[in-house]
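Q: Structure in structure tokens, see below.
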Amino acid sequence: MNVYDSEKIKSLLQNKGLEHQESYDDADVVILNTCNIREKAAHKVYSDIGRINHSNKDRVIAVVGCVAQAENSEMLKKNQSIDIVLGPQSYHLLPTMLDDVRDRKVRSINTEFIVNEKFDYLSEQGKPKGVSSFVTIQEGCDKFCSFCVVPYTRGPEYSRNYNSIIDEVNSMVSNGAREIVLLGQNVNAYQFKNGNKIYRLSDLIDKLTTIKDLKRIRYTTSHPINMDDELIDLHSNNKKLMPFLHLPVQSGSSKILKMMNRKYDVEFYRDIIFKIRDKSPNIEISSDFIIGYPGESEQDFINTLDLINDIKFTQSYSFIYSARPGTKSAMIEDNLTKKVKSERLKILQSKLTEIQHDFNKTHVGKKTSVLIENQSATNPEYYFGRTPYMQSVYIKSNNLINGEEKDIKITSCNHKSLYGTC
Ligand code: SAH
Ligand code: SF4
């Protein structure tokens, strides 16, 4: 989502006459788009500012995104070189704020939740030209998992206007996009009311399917309690919807899921996967895991490993629990040592890697459909693309076209990528 937002900010400022620079050394204005999901990401902002400031103290520095939202005016106190602090709902105000800093030499803050205004304004800005492009359709979250800052930084759940999403995707496709990734913190909670009709994610995907040159549709990130039957059915009857589902479980222990306030237990999660695989046997699942949540026992951890063994997630993200200020779980005493957490993370990640590698190996010697995204800039004999399951493929060829979907013979692999020729 930050990648998508950064693109929007870039074109917003280009429309105001600013030019994008590859390096901050050449820039008069530096904008740091920040993530607050874990402590490490939040701390990075201050070390980055130190580095930027070192080479030129006259630059305007704007901190935008979720760290700006969470730390607010504290940021200006903590670091004198920050000129602008701007939350994720008000990026459209950035040009005016930059004028204020330049003309009136004042430091400026805005962290209000005015999300619909942002979308109305930003949907007109810039049309990214990537073969695979993101489109945010939903923002914010009302679920309040005990560990998570998103409801506080991105605000309540908000779904974008159905027609304006279709217009944006249409214009992206006419600019060369062939794959669209629909984004939201809880993308499958998408719900847009128009008169008596309520449009859900499945309705939106069905509609986007009619765009002729659009070849692939994905959506991320989904919450298990919002996996409705229409969406599950869509995976079995919509050929443009890719057979790959990112459905974060976080833990394989129902005790921990309850403490996390995830609103489902492990049986509920297993049942959904069973239902999906029953209707779409070729679907692959990926997940997010949090390791070392306060109170996680050895048995809870083993339950998570058991779930991984049973479901066979083919791609996943895993993190050590990070206590975030203001969340419920930040008040719980953390009973686990750093060492135990790191050891568990290592075991879990090596299991995930092994499954991913085994899955990649099943493709070697076979042909698989790849959407070609780009040609290597350093080595033009190679192209990059992705399979329906999001695997990265590097292809040796001199006759591929960006944006085409092609059957590629896979010759080798490692746990991360596939290699092929054409
Ligand atoms: N809405 C999605 C997740 C969005 S946040 C969902 O509910 O699944 C992306 C991921 O960051 C989460 O899935 C979680 O695994 C991780 N995460 C969020 N807060 C965290 C924390 N405090 N410590 C460690 N990981 C965290
Ligand atoms: Fe955070 Fe996702 Fe839980 Fe919302 S549902 S609070 S975004 S982890």
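Chain labels A, B, ... are given in the sequence in which chains occur in the structure tokens; within each chain residues are numbered consecutively from 1, and ligands are likewise numbered from 1 in the order shown.
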Using only C-alpha atoms and all ligand atoms, which protein or nucleic acid residues are at most 12 Å from ligand 2, as a tab-separated table (two decimals) with C-alpha atoms, in the first residue's frame?

A:
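As written to disk, result_5.tsv reads:
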```tsv
chain	number	residue	atom	x	y	z
A	36	ASN	CA	4.63	1.74	11.82
A	37	ILE	CA	3.65	-1.93	11.87
A	38	ARG	CA	6.77	-3.06	13.76
A	138	GLN	CA	-10.20	-0.30	0.87
A	139	GLU	CA	-8.32	1.25	3.76
A	140	GLY	CA	-8.36	1.05	7.52
A	141	CYS	CA	-9.56	-1.56	9.93
A	142	ASP	CA	-12.23	-1.99	12.65
A	143	LYS	CA	-11.02	-5.36	13.90
A	144	PHE	CA	-8.58	-4.26	16.59
A	145	CYS	CA	-6.33	-7.31	16.85
A	146	SER	CA	-4.57	-6.76	20.17
A	147	PHE	CA	-1.09	-6.47	18.63
A	148	CYS	CA	-1.84	-4.17	15.71
A	149	VAL	CA	-1.53	-0.41	15.12
A	150	VAL	CA	-3.45	-0.30	11.84
A	151	PRO	CA	-6.85	0.73	13.30
A	152	TYR	CA	-5.10	3.65	15.02
A	153	THR	CA	-2.93	4.79	12.11
A	154	ARG	CA	-5.12	4.06	9.05
A	155	GLY	CA	-8.42	4.71	10.83
A	156	PRO	CA	-11.78	2.89	10.48
A	157	GLU	CA	-12.65	0.62	7.56
A	184	GLY	CA	-6.69	-3.14	1.37
A	185	GLN	CA	-5.79	-3.80	4.98
A	186	ASN	CA	-8.91	-6.01	4.92
A	187	VAL	CA	-9.57	-6.13	1.23
A	188	ASN	CA	-12.25	-8.81	1.43
A	189	ALA	CA	-14.28	-6.60	3.80
A	220	THR	CA	-4.55	-8.76	-0.75
A	221	THR	CA	-4.73	-8.80	2.31
A	222	SER	CA	-7.75	-10.81	3.36
A	223	HIS	CA	-9.08	-11.59	6.80
A	224	PRO	CA	-10.39	-15.15	7.39
A	225	ILE	CA	-13.73	-13.96	8.85
A	226	ASN	CA	-14.51	-12.04	5.65
A	247	LEU	CA	-4.92	-15.44	4.07
A	248	PRO	CA	-2.95	-14.59	7.23
A	249	VAL	CA	-3.59	-16.93	10.17
A	250	GLN	CA	-0.94	-15.42	12.57
A	251	SER	CA	-0.85	-18.46	14.86
A	257	LEU	CA	-5.67	-16.42	18.45
A	260	MET	CA	-4.82	-11.76	19.75
A	261	ASN	CA	-8.55	-11.00	19.30
A	262	ARG	CA	-8.45	-12.51	15.80
A	263	LYS	CA	-12.16	-13.50	16.00
A	264	TYR	CA	-11.64	-17.08	14.71
A	287	SER	CA	0.02	-16.55	5.29
A	288	ASP	CA	1.52	-14.20	7.86
A	289	PHE	CA	2.78	-15.52	11.21
A	290	ILE	CA	3.61	-13.73	14.43
A	321	TYR	CA	6.09	-10.06	17.82
A	324	ARG	CA	3.44	-1.36	19.60
A	327	THR	CA	-2.16	-1.44	21.44
A	328	LYS	CA	-3.78	-3.78	23.97
A	329	SER	CA	-1.04	-6.36	23.92
```

Q: Excluding Gln375 of chain A and its own-chain neighbours fewer than 6 positions away, which residues fall within 12 Å of it when counting only C-alpha atoms? Please give them as a list in words.

A: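 Residues meeting the cut-off are Val131, Glu381, Tyr382, Tyr383, Phe384, Gly385, Val393, Tyr394, Ile395, Lys396, Ser397, Asn398, Asn399, Leu400, Ile401, Asn402 and Gly403 of chain A.
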
Q: Could those residues be written to a file, using N, CA and C atoms, as a short mmCIF file (atom, residue, chain, number, x, y, z; two decimals), in the first residue's frame?

A:
```
data_model
loop_
_atom_site.label_atom_id
_atom_site.label_comp_id
_atom_site.auth_asym_id
_atom_site.auth_seq_id
_atom_site.Cartn_x
_atom_site.Cartn_y
_atom_site.Cartn_z
N VAL A 131 3.27 -3.44 -15.74
CA VAL A 131 2.44 -4.55 -16.21
C VAL A 131 1.56 -5.05 -15.07
N GLU A 381 19.31 -10.20 -21.99
CA GLU A 381 18.96 -11.56 -22.42
C GLU A 381 17.95 -12.19 -21.47
N TYR A 382 17.69 -11.52 -20.34
CA TYR A 382 16.79 -12.08 -19.34
C TYR A 382 15.52 -11.25 -19.15
N TYR A 383 14.42 -11.96 -18.97
CA TYR A 383 13.15 -11.32 -18.64
C TYR A 383 12.69 -11.78 -17.26
N PHE A 384 11.83 -10.95 -16.64
CA PHE A 384 11.27 -11.33 -15.35
C PHE A 384 9.76 -11.41 -15.47
N GLY A 385 9.20 -12.43 -14.83
CA GLY A 385 7.74 -12.53 -14.81
C GLY A 385 7.29 -13.35 -13.62
N VAL A 393 9.91 -15.66 -11.86
CA VAL A 393 10.56 -16.48 -12.88
C VAL A 393 11.54 -15.63 -13.67
N TYR A 394 12.78 -16.11 -13.81
CA TYR A 394 13.78 -15.44 -14.64
C TYR A 394 13.94 -16.28 -15.90
N ILE A 395 13.73 -15.62 -17.06
CA ILE A 395 13.66 -16.36 -18.32
C ILE A 395 14.75 -15.88 -19.27
N LYS A 396 15.53 -16.86 -19.77
CA LYS A 396 16.54 -16.51 -20.77
C LYS A 396 15.84 -16.53 -22.12
N SER A 397 15.81 -15.39 -22.77
CA SER A 397 15.11 -15.30 -24.05
C SER A 397 15.46 -13.98 -24.73
N ASN A 398 15.30 -13.95 -26.06
CA ASN A 398 15.47 -12.65 -26.71
C ASN A 398 14.24 -12.26 -27.51
N ASN A 399 13.13 -12.95 -27.25
CA ASN A 399 11.94 -12.59 -28.04
C ASN A 399 10.65 -12.55 -27.21
N LEU A 400 10.74 -12.01 -26.01
CA LEU A 400 9.51 -11.88 -25.20
C LEU A 400 9.02 -10.44 -25.21
N ILE A 401 7.75 -10.27 -24.92
CA ILE A 401 7.17 -8.91 -24.92
C ILE A 401 6.58 -8.66 -23.53
N ASN A 402 6.92 -7.51 -22.95
CA ASN A 402 6.34 -7.16 -21.65
C ASN A 402 4.83 -7.12 -21.75
N GLY A 403 4.15 -7.76 -20.79
CA GLY A 403 2.69 -7.74 -20.77
C GLY A 403 2.07 -8.98 -21.40
#
```

Q: May I ask which of the residues A:Leu98, A:Leu201, A:Ile165, A:Leu241 is the closest one to Val30 of chain A, counting only C-alpha atoms?

A: A:Leu98

Q: When DSSP works through the backbone of this structure, what residues of segment 272-310 of chain A end up as alpha helix (DSSP H), shown as a list in words?

A: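 Written out, the alpha helix (DSSP H) residues of segment 272-310 of chain A are Ile272, Ile273, Phe274, Lys275, Ile276, Arg277, Asp278, Lys279, Glu298, Gln299, Asp300, Phe301, Ile302, Asn303, Thr304, Leu305, Asp306, Leu307, Ile308, Asn309 and Asp310 of chain A.
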
Q: Dump N, CA, C and O atoms for the selected residues as a JSON list (two decimals), in the first residue's frame?

A:
```json
[["chain", "number", "residue", "atom", "x", "y", "z"],
["A", 272, "ILE", "N", -12.19, -23.11, 6.43],
["A", 272, "ILE", "CA", -12.21, -22.24, 5.24],
["A", 272, "ILE", "C", -11.30, -22.80, 4.16],
["A", 272, "ILE", "O", -11.67, -22.90, 2.99],
["A", 273, "ILE", "N", -10.10, -23.18, 4.58],
["A", 273, "ILE", "CA", -9.15, -23.70, 3.59],
["A", 273, "ILE", "C", -9.72, -24.97, 2.95],
["A", 273, "ILE", "O", -9.62, -25.18, 1.73],
["A", 274, "PHE", "N", -10.36, -25.81, 3.76],
["A", 274, "PHE", "CA", -10.95, -27.05, 3.25],
["A", 274, "PHE", "C", -12.01, -26.71, 2.19],
["A", 274, "PHE", "O", -12.03, -27.30, 1.11],
["A", 275, "LYS", "N", -12.85, -25.74, 2.53],
["A", 275, "LYS", "CA", -13.94, -25.32, 1.62],
["A", 275, "LYS", "C", -13.36, -24.79, 0.29],
["A", 275, "LYS", "O", -13.85, -25.14, -0.78],
["A", 276, "ILE", "N", -12.32, -23.96, 0.40],
["A", 276, "ILE", "CA", -11.74, -23.38, -0.80],
["A", 276, "ILE", "C", -11.11, -24.47, -1.66],
["A", 276, "ILE", "O", -11.31, -24.53, -2.87],
["A", 277, "ARG", "N", -10.35, -25.37, -1.01],
["A", 277, "ARG", "CA", -9.65, -26.41, -1.78],
["A", 277, "ARG", "C", -10.62, -27.44, -2.35],
["A", 277, "ARG", "O", -10.34, -28.05, -3.39],
["A", 278, "ASP", "N", -11.74, -27.62, -1.67],
["A", 278, "ASP", "CA", -12.76, -28.54, -2.17],
["A", 278, "ASP", "C", -13.27, -28.04, -3.52],
["A", 278, "ASP", "O", -13.46, -28.81, -4.46],
["A", 279, "LYS", "N", -13.48, -26.71, -3.61],
["A", 279, "LYS", "CA", -14.01, -26.13, -4.85],
["A", 279, "LYS", "C", -12.92, -25.81, -5.87],
["A", 279, "LYS", "O", -13.16, -25.80, -7.07],
["A", 298, "GLU", "N", 5.53, -23.52, 24.33],
["A", 298, "GLU", "CA", 6.16, -24.44, 23.38],
["A", 298, "GLU", "C", 5.06, -25.17, 22.59],
["A", 298, "GLU", "O", 5.17, -25.33, 21.38],
["A", 299, "GLN", "N", 3.99, -25.58, 23.32],
["A", 299, "GLN", "CA", 2.91, -26.31, 22.66],
["A", 299, "GLN", "C", 2.18, -25.43, 21.63],
["A", 299, "GLN", "O", 1.86, -25.88, 20.53],
["A", 300, "ASP", "N", 1.99, -24.13, 21.98],
["A", 300, "ASP", "CA", 1.35, -23.22, 21.02],
["A", 300, "ASP", "C", 2.18, -23.14, 19.75],
["A", 300, "ASP", "O", 1.65, -23.14, 18.63],
["A", 301, "PHE", "N", 3.49, -23.06, 19.93],
["A", 301, "PHE", "CA", 4.39, -22.97, 18.77],
["A", 301, "PHE", "C", 4.32, -24.25, 17.94],
["A", 301, "PHE", "O", 4.24, -24.19, 16.70],
["A", 302, "ILE", "N", 4.30, -25.41, 18.63],
["A", 302, "ILE", "CA", 4.21, -26.69, 17.90],
["A", 302, "ILE", "C", 2.89, -26.75, 17.11],
["A", 302, "ILE", "O", 2.85, -27.21, 15.97],
["A", 303, "ASN", "N", 1.83, -26.21, 17.70],
["A", 303, "ASN", "CA", 0.54, -26.19, 16.97],
["A", 303, "ASN", "C", 0.66, -25.37, 15.68],
["A", 303, "ASN", "O", 0.06, -25.71, 14.65],
["A", 304, "THR", "N", 1.44, -24.28, 15.73],
["A", 304, "THR", "CA", 1.63, -23.46, 14.52],
["A", 304, "THR", "C", 2.39, -24.27, 13.47],
["A", 304, "THR", "O", 2.03, -24.28, 12.29],
["A", 305, "LEU", "N", 3.43, -24.99, 13.93],
["A", 305, "LEU", "CA", 4.18, -25.82, 12.97],
["A", 305, "LEU", "C", 3.29, -26.91, 12.37],
["A", 305, "LEU", "O", 3.37, -27.20, 11.16],
["A", 306, "ASP", "N", 2.42, -27.48, 13.21],
["A", 306, "ASP", "CA", 1.51, -28.52, 12.71],
["A", 306, "ASP", "C", 0.59, -27.97, 11.63],
["A", 306, "ASP", "O", 0.35, -28.61, 10.60],
["A", 307, "LEU", "N", 0.09, -26.76, 11.86],
["A", 307, "LEU", "CA", -0.80, -26.14, 10.87],
["A", 307, "LEU", "C", -0.05, -25.92, 9.55],
["A", 307, "LEU", "O", -0.58, -26.18, 8.46],
["A", 308, "ILE", "N", 1.20, -25.47, 9.67],
["A", 308, "ILE", "CA", 2.02, -25.25, 8.46],
["A", 308, "ILE", "C", 2.20, -26.56, 7.70],
["A", 308, "ILE", "O", 2.06, -26.62, 6.48],
["A", 309, "ASN", "N", 2.46, -27.64, 8.44],
["A", 309, "ASN", "CA", 2.63, -28.95, 7.81],
["A", 309, "ASN", "C", 1.37, -29.42, 7.12],
["A", 309, "ASN", "O", 1.43, -30.02, 6.04],
["A", 310, "ASP", "N", 0.22, -29.12, 7.74],
["A", 310, "ASP", "CA", -1.05, -29.60, 7.17],
["A", 310, "ASP", "C", -1.48, -28.76, 5.97],
["A", 310, "ASP", "O", -1.87, -29.29, 4.94]]
```

Q: Report as a PDB file with C-alpha atoms, in the first residue's frame all protein, DNA and RNA residues lying within 9 Å of Leu418 of chain A, evaluated on only C-alpha atoms, omitting residues in the same chain fewer than 6 positions from it.

A:
```pdb
ATOM      1  CA  ASN A 360       8.924 -24.823  -6.761  1.00  0.00           C
ATOM      2  CA  LYS A 361      10.531 -28.175  -7.597  1.00  0.00           C
ATOM      3  CA  HIS A 363       7.422 -26.991 -11.693  1.00  0.00           C
ATOM      4  CA  VAL A 364      10.851 -28.037 -12.961  1.00  0.00           C
ATOM      5  CA  GLN A 391       6.549 -17.288  -8.039  1.00  0.00           C
ATOM      6  CA  SER A 392       9.280 -15.115  -9.576  1.00  0.00           C
ATOM      7  CA  VAL A 393      10.555 -16.482 -12.885  1.00  0.00           C
ATOM      8  CA  TYR A 394      13.782 -15.445 -14.641  1.00  0.00           C
ATOM      9  CA  ILE A 395      13.665 -16.363 -18.316  1.00  0.00           C
ATOM     10  CA  ILE A 410      11.041 -24.257 -16.226  1.00  0.00           C
ATOM     11  CA  THR A 411      14.568 -25.653 -16.149  1.00  0.00           C
ATOM     12  CA  SER A 412      15.622 -25.133 -12.515  1.00  0.00           C
TER      13      SER A 412
END
```

Q: Give me, please, the distance in Å between atom CA of Lys8 of chain A and atom CA of Leu94 of chain A, quoted to one decimal.

A: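 Separating atom CA of Lys8 of chain A from atom CA of Leu94 of chain A is a distance of 11.4 Å.
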
Q: Using only C-alpha atoms and all ligand atoms, which of A:Asp28, A:Lys351, A:Met1, A:Lys239 sits nearest ligand 1?

A: A:Met1

Q: I need the residue nearest ligand 1 from this list: A:Val64, A:Leu12, A:Leu86, A:Cys35. Use only C-alpha atoms and all ligand atoms for the distance.

A: A:Cys35

Q: From the options A:Tyr269, A:Phe313, A:Tyr91, A:Tyr4, which residue's atoms come nearest to Ser286 of chain A, counting only C-alpha atoms?

A: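 Nearest candidate to Ser286 of chain A out of A:Tyr269, A:Phe313, A:Tyr91, A:Tyr4: A:Phe313.
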
Q: Using Å and a single decimal, report how far atom CA of Pro294 of chain A sits from atom CA of Ala68 of chain A.

A: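 Between atom CA of Ala68 of chain A and atom CA of Pro294 of chain A the gap is 27.1 Å.
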
Q: Could you give me the residues within segment 143-371 of chain A that DSSP places in strand (DSSP E or B), as a PyMOL selection string?

A: chain A and resi 158-159+179-183+191-194+197-200+216-220+241+244-246+250+284-291+315-320+367-371

Q: Can you pull out the residues contacting Asp25 of chain A? Cut-off 8 Å, using only C-alpha atoms, and skip same-chain residues under 2 positions away; I want them as a compact mmCIF listing (two decimals) with C-alpha atoms, in the first residue's frame.

A:
```txt
# COMPACT_ATOMS: atom_id res chain seq x y z
CA SER A 23 18.92 10.13 -5.16
CA ALA A 27 16.67 16.71 -4.06
CA ILE A 52 19.76 12.75 4.65
CA SER A 55 24.67 16.05 3.30
CA ASN A 56 22.45 19.19 3.14
```

Q: Return the single residue from A:Arg160, A:Lys40, A:Lys366, A:Lys346 that is closest to ligand 1, with distances computed using only C-alpha atoms and all ligand atoms.

A: A:Lys40

Q: Which residues are close to Val101 of chain A, i.e. within 12 Å by only C-alpha atoms, leaving aside same-chain residues fewer than 3 positions away? Reply as a list in words.

A: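 Counting only the stated atoms, we get Val29, Asp58, Arg59, Val60, Ile61, Ala62, Ile82, Asp83, Ile84, Val85, Leu94, Pro95, Thr96, Met97, Leu98, Arg104, Lys105, Val106, Arg107, Ser108 and Ile109 of chain A.
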
Q: Which of these residues is nearest to Lys338 of chain A, using only C-alpha atoms: A:Ile291, A:Ala377, A:Leu352, A:Asp203?

A: A:Ile291
